[in-house]
$ cat my_file_19.txt   # compact mmCIF, C-alpha atoms
# COMPACT_ATOMS: atom_id res chain seq x y z
CA MET A 1 11.94 13.94 13.45
CA LEU A 2 13.16 16.47 10.91
CA LYS A 3 14.77 19.55 12.42
CA GLU A 4 14.25 21.60 9.30
CA ILE A 5 11.47 21.43 6.73
CA LYS A 6 12.27 22.91 3.35
CA GLU A 7 12.40 21.84 -0.26
CA GLY A 8 15.36 19.64 -1.08
CA ILE A 9 15.82 18.17 2.41
CA GLU A 10 16.41 14.42 2.19
CA LEU A 11 14.63 12.00 4.49
CA ALA A 12 16.18 8.80 5.81
CA SER A 13 17.20 6.43 3.05
CA PHE A 14 17.72 2.73 3.48
CA GLU A 15 18.18 -0.55 1.68
CA ARG A 16 15.90 -3.55 1.67
CA THR A 17 15.86 -7.04 0.23
CA VAL A 18 12.67 -9.10 0.37
CA ASN A 19 13.02 -12.85 0.86
CA GLN A 20 10.49 -15.53 -0.05
CA ASP A 21 9.38 -15.98 3.56
CA GLN A 22 8.38 -12.31 3.73
CA ILE A 23 6.40 -12.75 0.49
CA TYR A 24 4.64 -15.81 1.95
CA LEU A 25 3.84 -13.82 5.08
CA PHE A 26 2.40 -10.89 3.13
CA ALA A 27 0.37 -13.39 1.08
CA GLU A 28 -0.94 -15.02 4.26
CA LEU A 29 -1.99 -11.65 5.69
CA SER A 30 -3.49 -10.22 2.50
CA GLY A 31 -4.97 -13.33 0.92
CA GLY A 32 -2.76 -12.87 -2.13
CA ASP A 33 -2.64 -16.16 -4.01
CA ASP A 34 -1.11 -15.28 -7.38
CA PRO A 35 1.41 -18.03 -8.21
CA LEU A 36 3.80 -15.36 -9.51
CA HIS A 37 4.22 -14.43 -5.82
CA VAL A 38 3.77 -17.67 -3.93
CA ASP A 39 4.85 -20.49 -6.26
CA PRO A 40 8.62 -20.30 -6.91
CA GLU A 41 8.54 -23.18 -9.42
CA PHE A 42 5.74 -21.56 -11.43
CA ALA A 43 7.43 -18.15 -11.30
CA ALA A 44 10.78 -19.62 -12.37
CA LYS A 45 9.17 -20.70 -15.65
CA SER A 46 7.47 -17.31 -16.17
CA PRO A 47 9.06 -14.45 -18.13
CA PHE A 48 10.20 -13.00 -14.76
CA GLY A 49 12.25 -16.07 -13.86
CA ALA A 50 11.56 -15.72 -10.12
CA THR A 51 8.77 -14.79 -7.74
CA LEU A 52 7.59 -11.19 -7.57
CA VAL A 53 7.51 -9.02 -4.46
CA PHE A 54 3.98 -7.74 -3.80
CA GLY A 55 3.88 -4.20 -5.14
CA LEU A 56 2.34 -2.95 -1.90
CA MET A 57 5.28 -4.10 0.23
CA PRO A 58 7.57 -1.12 -0.57
CA VAL A 59 4.68 1.17 0.36
CA GLY A 60 5.50 0.26 3.95
CA TYR A 61 9.05 1.56 3.45
CA PHE A 62 7.66 4.94 2.43
CA HIS A 63 5.54 4.99 5.58
CA THR A 64 8.67 4.38 7.65
CA GLN A 65 10.34 7.40 6.07
CA MET A 66 7.31 9.61 6.77
CA TYR A 67 6.96 8.49 10.38
CA GLU A 68 10.64 9.03 11.11
CA ALA A 69 10.42 12.53 9.62
CA PHE A 70 7.07 13.75 10.92
CA GLY A 71 6.08 11.50 13.84
CA ASP A 72 2.48 11.05 14.94
CA ALA A 73 1.16 13.73 12.58
CA TRP A 74 1.70 11.21 9.78
CA LEU A 75 -0.71 8.78 11.43
CA LYS A 76 -3.45 11.36 11.89
CA LYS A 77 -3.56 13.02 8.48
CA GLY A 78 -1.36 11.57 5.78
CA LYS A 79 -1.83 10.97 2.07
CA MET A 80 0.19 8.80 -0.25
CA ASP A 81 -0.04 8.46 -4.05
CA ILE A 82 1.90 5.50 -5.41
CA LYS A 83 2.82 4.44 -8.92
CA PHE A 84 4.19 1.00 -9.72
CA THR A 85 6.63 1.26 -12.59
CA ALA A 86 8.41 -2.10 -12.74
CA PRO A 87 8.23 -5.51 -11.07
CA ILE A 88 10.50 -6.34 -8.13
CA LEU A 89 11.88 -9.86 -7.88
CA VAL A 90 12.53 -11.79 -4.70
CA GLN A 91 16.00 -11.09 -3.27
CA GLN A 92 16.54 -8.01 -5.43
CA HIS A 93 18.39 -5.26 -3.62
CA MET A 94 16.28 -2.10 -3.27
CA VAL A 95 17.43 1.40 -2.40
CA VAL A 96 14.69 3.62 -0.96
CA THR A 97 15.17 7.39 -0.94
CA ALA A 98 12.93 10.37 -0.24
CA VAL A 99 13.21 14.13 -0.59
CA ILE A 100 10.94 17.05 0.26
CA SER A 101 9.74 18.24 -3.12
CA ALA A 102 7.41 21.07 -2.06
CA VAL A 103 6.45 23.12 0.99
CA GLU A 104 3.36 25.29 0.62
CA PRO A 105 1.54 27.45 3.15
CA VAL A 106 -2.00 26.26 3.86
CA GLU A 107 -4.60 27.03 6.49
CA GLY A 108 -3.30 25.66 9.76
CA GLY A 109 0.32 25.26 8.74
CA LYS A 110 2.45 24.03 5.87
CA GLN A 111 1.66 21.32 3.39
CA VAL A 112 4.75 19.23 2.81
CA THR A 113 5.12 16.94 -0.20
CA VAL A 114 7.71 14.18 -0.14
CA LYS A 115 8.81 12.31 -3.23
CA HIS A 116 9.80 8.69 -2.54
CA THR A 117 11.75 6.51 -4.94
CA CYS A 118 12.45 2.80 -4.72
CA MET A 119 15.15 1.59 -7.09
CA VAL A 120 16.63 -1.73 -8.12
CA GLY A 121 20.01 -1.03 -9.67
CA ASP A 122 19.42 1.94 -11.95
CA LYS A 123 15.75 1.10 -12.52
CA VAL A 124 12.96 2.94 -10.70
CA VAL A 125 10.48 0.29 -9.55
CA THR A 126 8.07 2.27 -7.36
CA VAL A 127 7.53 5.98 -6.79
CA ALA A 128 5.21 7.85 -4.47
CA ASP A 129 4.27 11.33 -3.34
CA SER A 130 3.27 11.68 0.30
CA THR A 131 1.67 14.81 1.68
CA ILE A 132 1.16 15.97 5.21
CA VAL A 133 0.19 19.24 6.89
CA VAL A 134 2.48 20.26 9.73
CA MET B 1 -12.99 -20.49 -2.93
CA SER B 2 -13.40 -20.21 -6.69
CA ARG B 3 -14.35 -16.72 -7.80
CA GLN B 4 -15.82 -15.74 -11.11
CA VAL B 5 -13.51 -13.89 -13.50
CA VAL B 6 -15.24 -10.67 -14.53
CA LEU B 7 -14.41 -8.82 -17.74
CA TYR B 8 -14.04 -5.04 -18.11
CA ASP B 9 -17.35 -4.69 -19.96
CA GLU B 10 -19.15 -6.46 -17.12
CA LEU B 11 -18.04 -3.90 -14.53
CA SER B 12 -19.97 -0.66 -14.09
CA VAL B 13 -19.32 2.72 -12.48
CA GLY B 14 -21.29 2.90 -9.24
CA GLN B 15 -21.10 -0.84 -8.70
CA THR B 16 -20.68 -1.64 -5.01
CA PHE B 17 -19.17 -4.60 -3.23
CA PRO B 18 -20.34 -6.10 0.08
CA GLU B 19 -18.88 -4.79 3.31
CA PHE B 20 -16.44 -7.04 5.13
CA GLU B 21 -14.47 -6.86 8.35
CA PHE B 22 -10.71 -6.74 8.86
CA ALA B 23 -9.41 -7.28 12.38
CA ILE B 24 -6.16 -5.59 13.36
CA THR B 25 -4.67 -7.87 15.98
CA GLU B 26 -1.29 -7.88 17.73
CA ASP B 27 -0.38 -10.85 15.55
CA VAL B 28 -1.32 -9.07 12.31
CA ILE B 29 0.70 -6.00 13.32
CA GLU B 30 3.69 -8.14 14.28
CA LYS B 31 3.64 -10.05 11.00
CA TYR B 32 3.06 -6.93 8.90
CA CYS B 33 6.04 -5.27 10.59
CA GLN B 34 8.13 -8.32 9.63
CA THR B 35 7.10 -8.05 5.97
CA ILE B 36 8.19 -4.42 5.69
CA GLY B 37 11.19 -4.63 7.99
CA GLU B 38 9.68 -2.03 10.34
CA THR B 39 12.32 -0.67 12.69
CA ASN B 40 10.49 2.03 14.64
CA GLU B 41 9.79 1.17 18.28
CA LYS B 42 6.42 2.92 18.02
CA PHE B 43 5.10 -0.01 15.98
CA LEU B 44 7.17 -2.87 17.36
CA LYS B 45 5.61 -2.98 20.80
CA ALA B 46 2.83 -1.34 22.78
CA ALA B 47 3.70 1.52 25.11
CA SER B 48 3.03 0.74 28.76
CA GLY B 49 -0.71 0.58 29.39
CA GLU B 50 -1.56 1.40 25.79
CA LYS B 51 -2.65 -0.54 22.75
CA ARG B 52 -0.05 -1.38 20.11
CA VAL B 53 -0.11 1.07 17.20
CA ALA B 54 -0.20 -0.28 13.63
CA PRO B 55 1.71 1.26 10.73
CA PRO B 56 -0.98 3.07 8.71
CA THR B 57 0.01 1.16 5.58
CA ILE B 58 -1.29 -1.98 7.24
CA VAL B 59 -4.43 -1.15 5.26
CA SER B 60 -2.54 -2.45 2.22
CA LEU B 61 -3.36 -5.93 3.53
CA PHE B 62 -7.00 -5.57 2.50
CA THR B 63 -6.56 -3.28 -0.50
CA PHE B 64 -7.20 -6.09 -2.98
CA ALA B 65 -9.74 -7.90 -0.84
CA VAL B 66 -12.28 -5.17 -1.57
CA TYR B 67 -13.01 -6.91 -4.85
CA LYS B 68 -11.10 -10.19 -4.69
CA ASN B 69 -13.30 -11.40 -1.85
CA PHE B 70 -16.13 -11.41 -4.35
CA ILE B 71 -14.91 -11.53 -7.96
CA ASP B 72 -11.68 -12.23 -9.80
CA SER B 73 -9.82 -10.19 -12.39
CA PRO B 74 -8.53 -11.66 -15.65
CA SER B 75 -4.98 -12.98 -15.60
CA GLY B 76 -2.57 -10.18 -16.49
CA THR B 77 -4.46 -7.45 -14.62
CA LEU B 78 -1.93 -4.96 -13.24
CA HIS B 79 -1.89 -2.59 -10.28
CA ALA B 80 -1.16 0.74 -11.95
CA LYS B 81 -1.65 3.29 -9.19
CA GLN B 82 -2.66 3.44 -5.56
CA SER B 83 -3.61 6.26 -3.22
CA TYR B 84 -4.23 6.15 0.51
CA LEU B 85 -5.61 8.69 2.91
CA PHE B 86 -4.80 8.04 6.56
CA ASN B 87 -7.17 9.84 8.92
CA ALA B 88 -6.50 8.31 12.31
CA PRO B 89 -4.04 6.01 14.08
CA LEU B 90 -4.93 2.31 13.99
CA TYR B 91 -4.58 0.06 17.02
CA ALA B 92 -4.52 -3.61 17.93
CA GLY B 93 -8.10 -4.58 18.65
CA ASP B 94 -9.62 -2.40 15.94
CA VAL B 95 -12.14 -4.19 13.76
CA LEU B 96 -12.52 -2.22 10.56
CA LYS B 97 -15.53 -2.40 8.29
CA VAL B 98 -14.48 -2.04 4.68
CA SER B 99 -16.70 -1.29 1.71
CA ALA B 100 -15.83 -0.49 -1.89
CA ARG B 101 -17.30 0.85 -5.08
CA ILE B 102 -16.19 1.41 -8.65
CA THR B 103 -15.85 5.15 -9.23
CA GLU B 104 -14.41 5.26 -12.75
CA LYS B 105 -13.67 3.18 -15.86
CA TYR B 106 -11.79 4.35 -18.92
CA VAL B 107 -9.79 3.22 -21.92
CA ASN B 108 -6.60 5.17 -22.56
CA ALA B 109 -5.13 6.24 -25.89
CA LYS B 110 -3.22 2.97 -26.14
CA GLY B 111 -6.43 0.99 -25.73
CA ARG B 112 -5.64 -0.18 -22.19
CA LYS B 113 -8.62 -0.61 -19.89
CA PHE B 114 -8.56 0.91 -16.41
CA VAL B 115 -10.90 0.47 -13.45
CA ILE B 116 -10.79 2.59 -10.29
CA PHE B 117 -12.00 1.15 -6.98
CA GLU B 118 -12.51 3.46 -4.00
CA SER B 119 -12.95 1.99 -0.54
CA ASP B 120 -13.38 3.28 2.99
CA ALA B 121 -12.31 1.56 6.19
CA LYS B 122 -14.43 2.54 9.19
CA ARG B 123 -13.98 2.12 12.92
CA GLY B 124 -17.51 2.58 14.11
CA ASP B 125 -18.73 5.62 12.17
CA GLU B 126 -15.25 7.09 11.74
CA VAL B 127 -13.56 6.71 8.35
CA VAL B 128 -10.00 5.90 9.36
CA SER B 129 -8.60 5.38 5.88
CA THR B 130 -9.56 5.59 2.24
CA SER B 131 -8.03 3.66 -0.63
CA ILE B 132 -8.19 4.58 -4.31
CA MET B 133 -6.87 1.74 -6.46
CA THR B 134 -6.36 1.94 -10.23
CA LEU B 135 -6.09 -1.39 -12.00
CA CYS B 136 -5.24 -2.02 -15.64
CA TRP B 137 -7.88 -4.65 -16.35
CA ALA B 138 -6.50 -7.29 -18.71
CA LYS B 139 -9.62 -8.15 -20.74

$ encode --input "my_file_19.txt" --output "C-alpha cells"
Amino acid sequence: MLKEIKEGIELASFERTVNQDQIYLFAELSGGDDPLHVDPEFAAKSPFGATLVFGLMPVGYFHTQMYEAFGDAWLKKGKMDIKFTAPILVQQHMVVTAVISAVEPVEGGKQVTVKHTCMVGDKVVTVADSTIVV
Amino acid sequence: MSRQVVLYDELSVGQTFPEFEFAITEDVIEKYCQTIGETNEKFLKAASGEKRVAPPTIVSLFTFAVYKNFIDSPSGTLHAKQSYLFNAPLYAGDVLKVSARITEKYVNAKGRKFVIFESDAKRGDEVVSTSIMTLCWAK
C-alpha cells in the first residue's frame, strides 16, 4: 500500500516477458482463435514475424500495480481506460511503469488518477489511466 | 463454430447481443493469474474459510466474447481502446451473466470506421463490471 498519495509518486514498476504457453493459455480462457496469436508458423510468415501477445494481457499488469498501491479499494470501485498503441510480440521484454498523475478532492475523499505505461525498448505499446477514490 | 463476418454498414447503434454466462472457477482464476504473472497472495490462494478472489481484470477473458460468440469481425479489425469499471470483488464460484449492445459507430477524419460495444457483467442483479470496447472495424 502507498504511504503517501500525491502527484508524481511512482507505483511499483516491473518487467514482464510473455511466452507462447501463456498466449495459448489466454487463448484457451478467452476463446481467442486468431492465428496471429496461436499459430506460430502462420505468424512467422506475417508482417509481424512472430505471434502477438493478446493486447488485454498487459491490462492485468496495470491491475497488479493498482492493487499493490491501493488494496481492496481497487476491487470495489476502480476504473481503467486503456489504449493500445503498438503490437507486442511473443518473448519481447516489457517494462511496466506507473505514476500518480492527478489527485483531486471529490465527495467522500480524493480521486486519484494513475498513468500506466508498458514499453518495449523505447516504444510505448500500451498506456492506461486508472482512477480510484480513496 | 463458423460465425458470419459482419461489415460496418450492417451493424447498428442500439443493436443488442444475446446474454451469456461466464463462470469464474478456481481453475480459471489460477490460469488467468499464470497468464499475467500475478504475484499478489490475495489472488494466488483463498484465505482460510473464504472464497478465492479473482483479479478484477479477469473480465478481460470475456471482453471479446460479447460479440464473437455470435458474429465475426472482418480480418484486420483492431482493438483501439478499452475501458473497464470494476464495481465489486469477484470470487471463485461466481457465475456472471454478460450482455452487450452497440452504443456508437463513427468514421473518423482519416476514414477509419469505429464501433463501440458496451457490456455489463451481472452477479444476480448486481452489475459487477462494465466494459466499453472501441474497435476499428476493418471493412

$ atom_distance --input "my_file_19.txt" --atom1 "atom CA of Tyr24 of chain A" --atom2 "atom CA of Val53 of chain A"
9.8 Å

$ closest_residue --input "my_file_19.txt" --among "B:Arg52, B:Ile36, B:Ala100, B:Asn69" --to "His63 of chain A" --atoms "only C-alpha atoms"
B:Ile36

$ closest_residue --input "my_file_19.txt" --among "A:Gly71, A:Gly49, A:Pro35, A:Gly78" --to "chain B" --atoms "all atoms listed in the file"
A:Gly78

$ closest_atom_pairs --input "my_file_19.txt" --of "chain B" --to "chain A" --cutoff "7 Å" --atoms "all atoms listed in the file" --output "Markdown table"
| residue | atom | partner | partner_atom | distance |
| --- | --- | --- | --- | --- |
| B:Thr35 | CA | A:Gln22 | CA | 5.0 |
| B:Ile36 | CA | A:Gly60 | CA | 5.7 |
| B:Pro56 | CA | A:Leu75 | CA | 6.3 |
| B:Thr57 | CA | A:Gly60 | CA | 5.8 |
| B:Ser60 | CA | A:Leu56 | CA | 6.4 |
| B:Leu61 | CA | A:Ser30 | CA | 4.4 |
| B:Phe62 | CA | A:Ser30 | CA | 5.8 |
| B:Ala80 | CA | A:Phe84 | CA | 5.8 |
| B:Lys81 | CA | A:Lys83 | CA | 4.6 |
| B:Gln82 | CA | A:Ile82 | CA | 5.0 |
| B:Ser83 | CA | A:Asp81 | CA | 4.3 |
| B:Tyr84 | CA | A:Met80 | CA | 5.2 |
| B:Leu85 | CA | A:Lys79 | CA | 4.5 |
| B:Phe86 | CA | A:Gly78 | CA | 5.0 |
| B:Asn87 | CA | A:Lys77 | CA | 4.8 |
| B:Ala88 | CA | A:Lys76 | CA | 4.3 |
| B:Pro89 | CA | A:Leu75 | CA | 5.1 |

$ atom_distance --input "my_file_19.txt" --atom1 "atom CA of Val134 of chain A" --atom2 "atom CA of Cys33 of chain B"
25.8 Å

$ axis_aligned_box --input "my_file_19.txt" --around "segment 91-95 of chain B" --padding-each-side "6 Å" --output "lines of an AutoDock Vina configuration file"
center_x = -8.3
center_y = -2.3
center_z = 16.2
size_x = 19.6
size_y = 16.6
size_z = 16.9

$ closest_residue --input "my_file_19.txt" --among "B:Glu21, B:Thr39, B:Lys113, B:Lys31" --to "Thr77 of chain B" --atoms "all atoms listed in the file"
B:Lys113

$ atom_distance --input "my_file_19.txt" --atom1 "atom CA of Cys118 of chain A" --atom2 "atom CA of Pro55 of chain B"
18.9 Å

$ decode --input "my_file_19.txt" --residues "segment 14-52 of chain B" --atoms "N, CA and C atoms" --output "mmCIF file, in the first residue's frame"
data_model
loop_
_atom_site.group_PDB
_atom_site.id
_atom_site.type_symbol
_atom_site.label_atom_id
_atom_site.label_comp_id
_atom_site.auth_asym_id
_atom_site.auth_seq_id
_atom_site.Cartn_x
_atom_site.Cartn_y
_atom_site.Cartn_z
ATOM 1 N N GLY B 14 -27.551 0.589 -30.962
ATOM 2 C CA GLY B 14 -28.716 0.033 -30.278
ATOM 3 C C GLY B 14 -28.836 -1.473 -30.441
ATOM 4 N N GLN B 15 -28.084 -2.014 -31.382
ATOM 5 C CA GLN B 15 -28.106 -3.464 -31.598
ATOM 6 C C GLN B 15 -27.648 -4.189 -30.335
ATOM 7 N N THR B 16 -28.371 -5.221 -29.955
ATOM 8 C CA THR B 16 -28.017 -5.973 -28.753
ATOM 9 C C THR B 16 -27.565 -7.385 -29.124
ATOM 10 N N PHE B 17 -26.843 -7.992 -28.212
ATOM 11 C CA PHE B 17 -26.354 -9.349 -28.424
ATOM 12 C C PHE B 17 -26.872 -10.219 -27.280
ATOM 13 N N PRO B 18 -27.110 -11.502 -27.542
ATOM 14 C CA PRO B 18 -27.691 -12.363 -26.508
ATOM 15 C C PRO B 18 -26.822 -12.444 -25.252
ATOM 16 N N GLU B 19 -27.506 -12.604 -24.132
ATOM 17 C CA GLU B 19 -26.800 -12.767 -22.855
ATOM 18 C C GLU B 19 -26.127 -14.141 -22.814
ATOM 19 N N PHE B 20 -24.956 -14.196 -22.200
ATOM 20 C CA PHE B 20 -24.311 -15.491 -21.994
ATOM 21 C C PHE B 20 -23.715 -15.509 -20.590
ATOM 22 N N GLU B 21 -23.320 -16.689 -20.163
ATOM 23 C CA GLU B 21 -22.766 -16.841 -18.816
ATOM 24 C C GLU B 21 -21.265 -17.060 -18.866
ATOM 25 N N PHE B 22 -20.571 -16.530 -17.878
ATOM 26 C CA PHE B 22 -19.141 -16.788 -17.714
ATOM 27 C C PHE B 22 -18.918 -17.211 -16.265
ATOM 28 N N ALA B 23 -18.408 -18.416 -16.091
ATOM 29 C CA ALA B 23 -18.196 -18.953 -14.740
ATOM 30 C C ALA B 23 -16.766 -18.686 -14.290
ATOM 31 N N ILE B 24 -16.648 -18.043 -13.139
ATOM 32 C CA ILE B 24 -15.322 -17.807 -12.546
ATOM 33 C C ILE B 24 -15.050 -18.953 -11.580
ATOM 34 N N THR B 25 -14.203 -19.853 -11.996
ATOM 35 C CA THR B 25 -13.864 -21.010 -11.163
ATOM 36 C C THR B 25 -12.453 -20.841 -10.600
ATOM 37 N N GLU B 26 -12.116 -21.694 -9.642
ATOM 38 C CA GLU B 26 -10.735 -21.708 -9.113
ATOM 39 C C GLU B 26 -9.749 -21.904 -10.259
ATOM 40 N N ASP B 27 -10.101 -22.808 -11.172
ATOM 41 C CA ASP B 27 -9.204 -23.133 -12.286
ATOM 42 C C ASP B 27 -9.011 -21.926 -13.197
ATOM 43 N N VAL B 28 -10.088 -21.206 -13.485
ATOM 44 C CA VAL B 28 -9.982 -20.026 -14.353
ATOM 45 C C VAL B 28 -9.116 -18.957 -13.673
ATOM 46 N N ILE B 29 -9.317 -18.761 -12.376
ATOM 47 C CA ILE B 29 -8.504 -17.766 -11.660
ATOM 48 C C ILE B 29 -7.033 -18.183 -11.690
ATOM 49 N N GLU B 30 -6.782 -19.450 -11.409
ATOM 50 C CA GLU B 30 -5.397 -19.938 -11.384
ATOM 51 C C GLU B 30 -4.718 -19.711 -12.734
ATOM 52 N N LYS B 31 -5.422 -20.081 -13.807
ATOM 53 C CA LYS B 31 -4.820 -19.950 -15.146
ATOM 54 C C LYS B 31 -4.670 -18.476 -15.540
ATOM 55 N N TYR B 32 -5.668 -17.669 -15.184
ATOM 56 C CA TYR B 32 -5.551 -16.236 -15.517
ATOM 57 C C TYR B 32 -4.342 -15.629 -14.795
ATOM 58 N N CYS B 33 -4.175 -15.998 -13.531
ATOM 59 C CA CYS B 33 -3.018 -15.484 -12.775
ATOM 60 C C CYS B 33 -1.712 -15.891 -13.452
ATOM 61 N N GLN B 34 -1.682 -17.092 -14.026
ATOM 62 C CA GLN B 34 -0.465 -17.524 -14.743
ATOM 63 C C GLN B 34 -0.218 -16.661 -15.983
ATOM 64 N N THR B 35 -1.289 -16.290 -16.680
ATOM 65 C CA THR B 35 -1.097 -15.517 -17.919
ATOM 66 C C THR B 35 -0.568 -14.118 -17.637
ATOM 67 N N ILE B 36 -0.895 -13.552 -16.489
ATOM 68 C CA ILE B 36 -0.448 -12.182 -16.207
ATOM 69 C C ILE B 36 0.717 -12.145 -15.218
ATOM 70 N N GLY B 37 1.157 -13.323 -14.802
ATOM 71 C CA GLY B 37 2.268 -13.356 -13.854
ATOM 72 C C GLY B 37 1.898 -12.725 -12.518
ATOM 73 N N GLU B 38 0.646 -12.955 -12.082
ATOM 74 C CA GLU B 38 0.179 -12.370 -10.815
ATOM 75 C C GLU B 38 1.068 -12.824 -9.659
ATOM 76 N N THR B 39 1.435 -11.891 -8.810
ATOM 77 C CA THR B 39 2.335 -12.224 -7.704
ATOM 78 C C THR B 39 1.699 -11.986 -6.338
ATOM 79 N N ASN B 40 0.531 -11.325 -6.304
ATOM 80 C CA ASN B 40 -0.040 -10.971 -5.015
ATOM 81 C C ASN B 40 -0.778 -12.151 -4.388
ATOM 82 N N GLU B 41 -0.441 -12.452 -3.142
ATOM 83 C CA GLU B 41 -1.042 -13.576 -2.424
ATOM 84 C C GLU B 41 -2.564 -13.518 -2.403
ATOM 85 N N LYS B 42 -3.102 -12.302 -2.395
ATOM 86 C CA LYS B 42 -4.553 -12.110 -2.345
ATOM 87 C C LYS B 42 -5.257 -12.937 -3.411
ATOM 88 N N PHE B 43 -4.601 -13.048 -4.597
ATOM 89 C CA PHE B 43 -5.242 -13.690 -5.736
ATOM 90 C C PHE B 43 -4.705 -15.093 -6.001
ATOM 91 N N LEU B 44 -3.644 -15.457 -5.315
ATOM 92 C CA LEU B 44 -2.994 -16.739 -5.608
ATOM 93 C C LEU B 44 -3.583 -17.892 -4.806
ATOM 94 N N LYS B 45 -4.257 -17.576 -3.723
ATOM 95 C CA LYS B 45 -4.919 -18.639 -2.966
ATOM 96 C C LYS B 45 -6.032 -18.021 -2.129
ATOM 97 N N ALA B 46 -6.982 -18.851 -1.744
ATOM 98 C CA ALA B 46 -8.092 -18.363 -0.923
ATOM 99 C C ALA B 46 -7.635 -18.215 0.521
ATOM 100 N N ALA B 47 -8.107 -17.156 1.168
ATOM 101 C CA ALA B 47 -7.869 -17.020 2.609
ATOM 102 C C ALA B 47 -8.664 -18.098 3.332
ATOM 103 N N SER B 48 -8.205 -18.467 4.503
ATOM 104 C CA SER B 48 -8.844 -19.552 5.252
ATOM 105 C C SER B 48 -10.351 -19.317 5.403
ATOM 106 N N GLY B 49 -11.132 -20.285 4.964
ATOM 107 C CA GLY B 49 -12.585 -20.207 5.104
ATOM 108 C C GLY B 49 -13.275 -19.252 4.146
ATOM 109 N N GLU B 50 -12.510 -18.693 3.222
ATOM 110 C CA GLU B 50 -13.112 -17.740 2.279
ATOM 111 C C GLU B 50 -12.940 -18.226 0.845
ATOM 112 N N LYS B 51 -13.717 -17.614 -0.055
ATOM 113 C CA LYS B 51 -13.584 -17.957 -1.461
ATOM 114 C C LYS B 51 -12.361 -17.249 -2.043
ATOM 115 N N ARG B 52 -11.767 -17.854 -3.049
ATOM 116 C CA ARG B 52 -10.617 -17.224 -3.706
ATOM 117 C C ARG B 52 -11.080 -15.988 -4.471
#
